[in-house]
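Printed here is data.cif (mmCIF, C-alpha atoms):
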data_upload
loop_
_atom_site.label_atom_id
_atom_site.label_comp_id
_atom_site.auth_asym_id
_atom_site.auth_seq_id
_atom_site.Cartn_x
_atom_site.Cartn_y
_atom_site.Cartn_z
CA MET A 88 -5.12 6.22 -15.46
CA PHE A 89 -3.57 3.07 -16.87
CA ILE A 90 -0.56 3.45 -14.60
CA THR A 91 -2.67 3.71 -11.45
CA THR A 92 -4.82 0.77 -12.57
CA VAL A 93 -1.75 -1.41 -13.12
CA LEU A 94 -0.15 -0.30 -9.84
CA VAL A 95 -3.26 -1.11 -7.82
CA LEU A 96 -3.51 -4.65 -9.22
CA PRO A 97 -2.30 -7.46 -6.92
CA LEU A 98 1.00 -8.01 -8.71
CA PRO A 99 3.97 -10.10 -7.57
CA LEU A 100 6.48 -8.52 -5.24
CA ARG A 101 9.19 -8.56 -7.91
CA PHE A 102 7.12 -6.45 -10.34
CA ARG A 103 6.19 -3.99 -7.61
CA LYS A 104 9.84 -3.61 -6.61
CA GLN A 105 10.83 -3.00 -10.23
CA SER A 106 8.12 -0.37 -10.76
CA LEU A 107 9.08 1.36 -7.51
CA LYS A 108 12.77 1.34 -8.50
CA THR A 109 11.87 2.88 -11.86
CA TYR A 110 9.74 5.56 -10.20
CA GLU A 111 12.44 6.37 -7.65
CA PHE A 112 15.10 6.43 -10.37
CA LEU A 113 13.07 8.91 -12.42
CA PHE A 114 12.25 11.16 -9.50
CA SER A 115 15.73 11.06 -8.01
CA SER A 116 16.76 13.45 -10.77
CA ARG A 117 16.33 17.09 -9.85
CA GLU A 118 15.52 18.04 -13.44
CA VAL A 119 12.63 15.58 -13.61
CA LYS A 120 11.22 16.80 -10.31
CA THR A 121 11.46 20.41 -11.45
CA SER A 122 9.80 19.72 -14.79
CA VAL A 123 6.97 17.78 -13.12
CA TYR A 124 6.37 20.57 -10.60
CA ILE A 125 6.38 23.20 -13.34
CA SER A 126 3.99 21.12 -15.45
CA LEU A 127 1.64 20.59 -12.53
CA THR A 128 1.75 24.31 -11.75
CA LEU A 129 0.84 25.18 -15.34
CA VAL A 130 -1.94 22.60 -15.35
CA GLY A 131 -3.16 24.03 -12.03
CA LEU A 132 -3.25 27.51 -13.55
CA LEU A 133 -5.15 26.12 -16.54
CA PHE A 134 -7.60 24.47 -14.12
CA ILE A 135 -8.17 27.73 -12.23
CA ASP A 136 -8.60 29.68 -15.48
CA SER A 137 -11.06 27.13 -16.89
CA PHE A 138 -12.98 27.08 -13.62
CA GLN A 139 -13.27 30.88 -13.59
CA LYS A 140 -14.38 31.04 -17.23
CA ASN A 141 -16.84 28.19 -16.73
CA PHE A 142 -18.25 29.93 -13.67
CA LYS A 143 -18.42 33.21 -15.63
CA PHE A 144 -20.45 31.59 -18.43
CA LYS A 145 -22.86 30.08 -15.94
CA THR A 146 -23.49 33.35 -14.09
CA SER A 147 -23.13 35.95 -16.85
CA ASN A 148 -26.70 35.85 -18.18
CA THR A 149 -28.48 35.02 -14.98
CA TYR A 150 -30.75 38.06 -15.02
CA ASP A 151 -31.35 38.21 -18.76
CA PRO A 152 -34.84 36.82 -19.48
CA ARG A 153 -33.81 35.64 -22.97
CA TYR A 154 -31.34 33.10 -21.57
CA LEU A 155 -33.50 31.84 -18.73
CA GLN A 156 -35.55 29.69 -21.12
CA SER A 157 -32.76 27.42 -22.30
CA SER A 158 -29.11 27.43 -23.17
CA TYR A 159 -29.88 26.49 -26.77
CA ASN A 160 -30.53 30.14 -27.58
CA GLN A 161 -26.81 30.89 -27.33
CA THR A 162 -24.71 31.29 -30.44
CA PRO A 163 -22.49 28.43 -31.59
CA ASP A 164 -19.41 30.50 -30.81
CA VAL A 165 -20.42 30.92 -27.17
CA MET A 166 -21.43 27.26 -26.88
CA ALA A 167 -18.05 26.22 -28.34
CA ARG A 168 -16.22 28.36 -25.78
CA ILE A 169 -18.30 26.84 -22.98
CA PHE A 170 -17.51 23.36 -24.29
CA TYR A 171 -13.77 24.10 -24.56
CA ASN A 172 -13.66 25.52 -21.05
CA GLN A 173 -15.53 22.54 -19.63
CA ARG A 174 -13.24 20.17 -21.51
CA ASN A 175 -10.14 22.00 -20.25
CA LEU A 176 -11.58 21.97 -16.73
CA TYR A 177 -12.12 18.19 -16.79
CA ILE A 178 -8.79 17.37 -18.42
CA SER A 179 -6.75 19.64 -16.16
CA GLY A 180 -8.65 18.35 -13.13
CA ALA A 181 -7.88 14.77 -14.13
CA VAL A 182 -4.19 15.60 -14.66
CA LEU A 183 -4.01 17.28 -11.25
CA PHE A 184 -5.79 14.35 -9.65
CA PHE A 185 -3.36 11.84 -11.15
CA GLY A 186 -0.47 14.15 -10.28
CA ILE A 187 -1.48 13.61 -6.67
CA ALA A 188 -2.74 10.03 -6.99
CA ILE A 189 0.32 8.45 -8.63
CA PRO A 190 2.84 9.56 -5.95
CA THR A 191 0.35 8.51 -3.28
CA VAL A 192 -0.03 5.07 -4.87
CA PHE A 193 3.76 4.71 -5.06
CA ASN A 194 4.02 5.69 -1.40
CA ILE A 195 1.48 2.98 -0.55
CA ILE A 196 3.41 0.50 -2.72
CA ARG A 197 6.64 1.42 -0.92
CA ARG A 198 4.99 0.65 2.42
CA LEU A 199 3.45 -2.53 1.05
CA ILE A 200 6.82 -3.77 -0.24
CA LYS A 201 8.43 -3.03 3.12
CA TYR A 202 5.61 -4.89 4.91
CA GLU A 203 5.78 -7.87 2.54
CA GLU A 204 9.56 -8.10 2.91
CA PHE A 205 9.21 -7.95 6.69
CA ASN A 206 6.61 -10.73 6.62
CA LEU A 207 8.69 -12.73 4.17
CA GLU A 208 11.75 -12.40 6.40
CA LYS A 209 9.71 -13.23 9.49
CA THR A 210 8.05 -16.25 7.90
CA SER A 211 11.30 -17.43 6.38
CA LYS A 212 12.95 -17.24 9.80
CA GLU A 213 10.03 -19.11 11.35
CA VAL A 214 10.10 -21.68 8.56
CA ARG A 215 13.85 -22.03 8.92
CA ASP A 216 13.55 -22.50 12.70
CA ALA A 217 10.76 -25.03 12.19
CA LYS A 218 12.87 -26.86 9.60
CA VAL A 219 15.88 -26.93 11.96
CA LYS A 220 13.70 -28.29 14.75
CA GLU A 221 12.21 -30.89 12.42
CA LEU A 222 15.67 -31.96 11.25
CA ASN A 223 16.93 -32.16 14.85
CA ASP A 224 13.96 -34.36 15.77
CA GLU A 225 14.66 -36.52 12.74
CA LEU A 226 18.33 -36.75 13.72
CA THR A 227 17.50 -37.90 17.25
CA LYS A 228 15.12 -40.51 15.84
CA LYS A 229 17.85 -41.76 13.50
CA GLU A 230 20.34 -41.91 16.38
CA GLN A 231 17.83 -43.91 18.42
CA ASP A 232 17.32 -46.23 15.45
CA ILE A 233 21.09 -46.70 15.17
CA GLU A 234 21.35 -47.55 18.88
CA THR A 235 18.46 -50.00 18.52
CA PHE A 236 20.14 -51.63 15.52
CA LYS A 237 23.43 -51.93 17.47
CA LYS A 238 21.61 -53.63 20.36
CA GLN A 239 19.83 -55.96 17.92
CA LYS A 240 23.16 -56.75 16.26
CA LYS A 241 24.78 -57.60 19.60
CA SER A 242 21.88 -59.78 20.67
CA LEU A 243 21.83 -61.52 17.27
CA GLU A 244 25.61 -62.11 17.45
CA LYS A 245 25.21 -63.51 20.95
CA ALA A 246 22.34 -65.77 19.87
CA TYR A 247 24.32 -66.90 16.81
CA ASP A 248 27.37 -67.69 18.94
CA GLU A 249 25.27 -69.68 21.41
CA LEU A 250 23.57 -71.62 18.63
CA SER A 251 26.85 -72.31 16.87
CA GLU A 252 28.36 -73.57 20.15
CA LYS A 253 25.36 -75.86 20.75
CA LEU A 254 25.58 -77.13 17.21
CA ASN A 255 29.29 -77.75 17.54
CA LYS A 256 28.80 -79.62 20.84
CA THR A 257 26.09 -81.81 19.43
CA SER A 258 27.99 -82.58 16.25
CA GLY A 259 31.27 -83.00 18.04
CA VAL A 260 33.16 -80.54 15.87
CA VAL A 261 35.59 -78.38 17.71
CA THR A 262 36.40 -75.12 16.01
CA ASP A 263 38.65 -72.31 16.90
CA LYS A 264 36.98 -68.92 16.42
CA LYS A 265 40.27 -67.22 15.72
CA SER A 266 41.15 -69.52 12.85
CA ASP A 267 37.65 -69.43 11.34
#
Could you write out this structure as structure tokens?
Amino acid sequence: MFITTVLVLPLPLRFRKQSLKTYEFLFSSREVKTSVYISLTLVGLLFIDSFQKNFKFKTSNTYDPRYLQSSYNQTPDVMARIFYNQRNLYISGAVLFFGIAIPTVFNIIRRLIKYEEFNLEKTSKEVRDAKVKELNDELTKKEQDIETFKKQKKSLEKAYDELSEKLNKTSGVVTDKKSD
């Protein structure tokens, strides 16, 4: 019961993968599979036997007027046997239920892991494509900025040259650009 409760919890993908790997490792062995099937068969036989005995105790004294009043008139020995059969019925039923439930839960977990990995791969590809597109847009913006800066540099150089020529003409200083 604890195992199924833990497996049904919304756990991280890593823990689910590890639990599934452990389960698959255990049940990949032929000896383990055989022992589980034999155990479940024996528990099934115990369930059937307990069910038959429990049904027998319920119907055995149906027509006896002494037992129609209440079941408290039965001897402690008979009541103990009824209790043991009911207990065995419930325990073996629970074991059979979990013998079916645990593999079913692991099958669901296997599908869930496959689905989560598919979504993770799909979203990672989409995120990667979006990131590439974003970086390409950023690159084109940077290239445009570089071109703008080059144009500004040329216009500033041209304006500086014109101003320096005007200044030189007004001051009367003649300079050679190559020697400066």
Using Å and a single decimal, report how far atom CA of A:Phe184 sits from atom CA of A:Gln105.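 Computing the Euclidean distance for atom CA of A:Gln105 and atom CA of A:Phe184 yields 24.0 Å.
Rounded to one decimal, atom CA of A:Val182 and atom CA of A:Thr109 lie 20.7 Å from each other.
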Would you compute the distance between atom CA of A:Gln239 and atom CA of A:Val260? Give it in Å to one decimal. 28.0 Å
Could you pull the residues within 12 Å of stretch 124-129 of chain A, counting all atoms listed in the file, minus those fewer than 6 positions along the same chain, as a PyMOL selection string? chain A and resi 114+117-118+135-136+179-187
Restricted to C-alpha atoms, what would the selected residues look like written as a short mmCIF file (atom, residue, chain, number, x, y, z; two decimals), in the frame of the given file?
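What landed in out.cif:
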data_model
loop_
_atom_site.label_atom_id
_atom_site.label_comp_id
_atom_site.auth_asym_id
_atom_site.auth_seq_id
_atom_site.Cartn_x
_atom_site.Cartn_y
_atom_site.Cartn_z
CA PHE A 114 12.25 11.16 -9.50
CA ARG A 117 16.33 17.09 -9.85
CA GLU A 118 15.52 18.04 -13.44
CA ILE A 135 -8.17 27.73 -12.23
CA ASP A 136 -8.60 29.68 -15.48
CA SER A 179 -6.75 19.64 -16.16
CA GLY A 180 -8.65 18.35 -13.13
CA ALA A 181 -7.88 14.77 -14.13
CA VAL A 182 -4.19 15.60 -14.66
CA LEU A 183 -4.01 17.28 -11.25
CA PHE A 184 -5.79 14.35 -9.65
CA PHE A 185 -3.36 11.84 -11.15
CA GLY A 186 -0.47 14.15 -10.28
CA ILE A 187 -1.48 13.61 -6.67
#
Give me the residues near A:Val95 as number ranges by chain, where near means some atom within 12 Å (using all atoms listed in the file) and where sequence neighbours in that chain fewer than 6 positions away do not count. A: 88-89, 102-103, 106, 188-189, 191-196, 199
Apply the PyMOL selection byres ((chain A and resi 172) around 12) to the displayed file and report the matching residues as number ranges by chain. A: 133-145, 165-171, 173-180
Using only C-alpha atoms, please write the residues we just selected to a file, as a compact mmCIF listing (two decimals), keeping the file's coordinate frame.
# COMPACT_ATOMS: atom_id res chain seq x y z
CA LEU A 133 -5.15 26.12 -16.54
CA PHE A 134 -7.60 24.47 -14.12
CA ILE A 135 -8.17 27.73 -12.23
CA ASP A 136 -8.60 29.68 -15.48
CA SER A 137 -11.06 27.13 -16.89
CA PHE A 138 -12.98 27.08 -13.62
CA GLN A 139 -13.27 30.88 -13.59
CA LYS A 140 -14.38 31.04 -17.23
CA ASN A 141 -16.84 28.19 -16.73
CA PHE A 142 -18.25 29.93 -13.67
CA LYS A 143 -18.42 33.21 -15.63
CA PHE A 144 -20.45 31.59 -18.43
CA LYS A 145 -22.86 30.08 -15.94
CA VAL A 165 -20.42 30.92 -27.17
CA MET A 166 -21.43 27.26 -26.88
CA ALA A 167 -18.05 26.22 -28.34
CA ARG A 168 -16.22 28.36 -25.78
CA ILE A 169 -18.30 26.84 -22.98
CA PHE A 170 -17.51 23.36 -24.29
CA TYR A 171 -13.77 24.10 -24.56
CA GLN A 173 -15.53 22.54 -19.63
CA ARG A 174 -13.24 20.17 -21.51
CA ASN A 175 -10.14 22.00 -20.25
CA LEU A 176 -11.58 21.97 -16.73
CA TYR A 177 -12.12 18.19 -16.79
CA ILE A 178 -8.79 17.37 -18.42
CA SER A 179 -6.75 19.64 -16.16
CA GLY A 180 -8.65 18.35 -13.13
Centre and edge lengths, as JSON, for the axis-aligned box enclosing every listed atom of stretch 125-138 of chain A with 4 Å of padding on each of the six sides, in Å to one decimal?
{"center_x": -3.3, "center_y": 25.1, "center_z": -14.3, "size_x": 27.4, "size_y": 17.1, "size_z": 13.1}
For A:Lys108, which of A:Leu94, A:Arg197, A:Ala246, A:Glu225 is the closest residue, counting only C-alpha atoms?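 The closest residue to A:Lys108 is A:Arg197.
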Assuming the input is short of atoms at stretch 204-226 of chain A, produce N, CA and C atoms for that part as a PDB file, in the coordinates of the input.
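Output file selection-v3.pdb follows:
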ATOM      1  N   GLU A 204       8.206  -7.619   2.636  1.00  0.00           N
ATOM      2  CA  GLU A 204       9.560  -8.100   2.910  1.00  0.00           C
ATOM      3  C   GLU A 204       9.734  -8.458   4.380  1.00  0.00           C
ATOM      4  N   PHE A 205       9.148  -7.649   5.263  1.00  0.00           N
ATOM      5  CA  PHE A 205       9.210  -7.950   6.690  1.00  0.00           C
ATOM      6  C   PHE A 205       8.519  -9.273   6.983  1.00  0.00           C
ATOM      7  N   ASN A 206       7.331  -9.465   6.420  1.00  0.00           N
ATOM      8  CA  ASN A 206       6.610 -10.730   6.620  1.00  0.00           C
ATOM      9  C   ASN A 206       7.351 -11.895   6.008  1.00  0.00           C
ATOM     10  N   LEU A 207       7.941 -11.665   4.824  1.00  0.00           N
ATOM     11  CA  LEU A 207       8.690 -12.730   4.170  1.00  0.00           C
ATOM     12  C   LEU A 207       9.899 -13.122   5.010  1.00  0.00           C
ATOM     13  N   GLU A 208      10.592 -12.126   5.548  1.00  0.00           N
ATOM     14  CA  GLU A 208      11.750 -12.400   6.400  1.00  0.00           C
ATOM     15  C   GLU A 208      11.313 -13.106   7.684  1.00  0.00           C
ATOM     16  N   LYS A 209      10.214 -12.639   8.251  1.00  0.00           N
ATOM     17  CA  LYS A 209       9.710 -13.230   9.490  1.00  0.00           C
ATOM     18  C   LYS A 209       9.268 -14.673   9.248  1.00  0.00           C
ATOM     19  N   THR A 210       8.516 -14.892   8.181  1.00  0.00           N
ATOM     20  CA  THR A 210       8.050 -16.250   7.900  1.00  0.00           C
ATOM     21  C   THR A 210       9.205 -17.146   7.493  1.00  0.00           C
ATOM     22  N   SER A 211      10.166 -16.594   6.761  1.00  0.00           N
ATOM     23  CA  SER A 211      11.300 -17.430   6.380  1.00  0.00           C
ATOM     24  C   SER A 211      12.120 -17.819   7.611  1.00  0.00           C
ATOM     25  N   LYS A 212      12.235 -16.913   8.564  1.00  0.00           N
ATOM     26  CA  LYS A 212      12.950 -17.240   9.800  1.00  0.00           C
ATOM     27  C   LYS A 212      12.168 -18.288  10.581  1.00  0.00           C
ATOM     28  N   GLU A 213      10.849 -18.129  10.642  1.00  0.00           N
ATOM     29  CA  GLU A 213      10.030 -19.110  11.350  1.00  0.00           C
ATOM     30  C   GLU A 213      10.088 -20.464  10.642  1.00  0.00           C
ATOM     31  N   VAL A 214      10.024 -20.434   9.323  1.00  0.00           N
ATOM     32  CA  VAL A 214      10.100 -21.680   8.560  1.00  0.00           C
ATOM     33  C   VAL A 214      11.457 -22.327   8.746  1.00  0.00           C
ATOM     34  N   ARG A 215      12.496 -21.513   8.725  1.00  0.00           N
ATOM     35  CA  ARG A 215      13.850 -22.030   8.920  1.00  0.00           C
ATOM     36  C   ARG A 215      13.995 -22.644  10.307  1.00  0.00           C
ATOM     37  N   ASP A 216      13.481 -21.954  11.339  1.00  0.00           N
ATOM     38  CA  ASP A 216      13.550 -22.500  12.700  1.00  0.00           C
ATOM     39  C   ASP A 216      12.742 -23.795  12.804  1.00  0.00           C
ATOM     40  N   ALA A 217      11.581 -23.813  12.174  1.00  0.00           N
ATOM     41  CA  ALA A 217      10.760 -25.030  12.190  1.00  0.00           C
ATOM     42  C   ALA A 217      11.479 -26.168  11.471  1.00  0.00           C
ATOM     43  N   LYS A 218      12.136 -25.842  10.366  1.00  0.00           N
ATOM     44  CA  LYS A 218      12.870 -26.860   9.600  1.00  0.00           C
ATOM     45  C   LYS A 218      14.042 -27.389  10.427  1.00  0.00           C
ATOM     46  N   VAL A 219      14.760 -26.504  11.113  1.00  0.00           N
ATOM     47  CA  VAL A 219      15.880 -26.930  11.960  1.00  0.00           C
ATOM     48  C   VAL A 219      15.372 -27.841  13.072  1.00  0.00           C
ATOM     49  N   LYS A 220      14.260 -27.453  13.690  1.00  0.00           N
ATOM     50  CA  LYS A 220      13.700 -28.290  14.750  1.00  0.00           C
ATOM     51  C   LYS A 220      13.269 -29.642  14.207  1.00  0.00           C
ATOM     52  N   GLU A 221      12.641 -29.629  13.045  1.00  0.00           N
ATOM     53  CA  GLU A 221      12.210 -30.890  12.420  1.00  0.00           C
ATOM     54  C   GLU A 221      13.406 -31.776  12.102  1.00  0.00           C
ATOM     55  N   LEU A 222      14.473 -31.179  11.572  1.00  0.00           N
ATOM     56  CA  LEU A 222      15.670 -31.960  11.250  1.00  0.00           C
ATOM     57  C   LEU A 222      16.352 -32.482  12.513  1.00  0.00           C
ATOM     58  N   ASN A 223      16.360 -31.684  13.579  1.00  0.00           N
ATOM     59  CA  ASN A 223      16.930 -32.160  14.850  1.00  0.00           C
ATOM     60  C   ASN A 223      16.127 -33.331  15.401  1.00  0.00           C
ATOM     61  N   ASP A 224      14.804 -33.236  15.322  1.00  0.00           N
ATOM     62  CA  ASP A 224      13.960 -34.360  15.770  1.00  0.00           C
ATOM     63  C   ASP A 224      14.236 -35.601  14.935  1.00  0.00           C
ATOM     64  N   GLU A 225      14.371 -35.392  13.635  1.00  0.00           N
ATOM     65  CA  GLU A 225      14.660 -36.520  12.740  1.00  0.00           C
ATOM     66  C   GLU A 225      16.022 -37.127  13.062  1.00  0.00           C
ATOM     67  N   LEU A 226      16.989 -36.271  13.374  1.00  0.00           N
ATOM     68  CA  LEU A 226      18.330 -36.750  13.720  1.00  0.00           C
ATOM     69  C   LEU A 226      18.300 -37.578  15.009  1.00  0.00           C
TER      70      LEU A 226
END
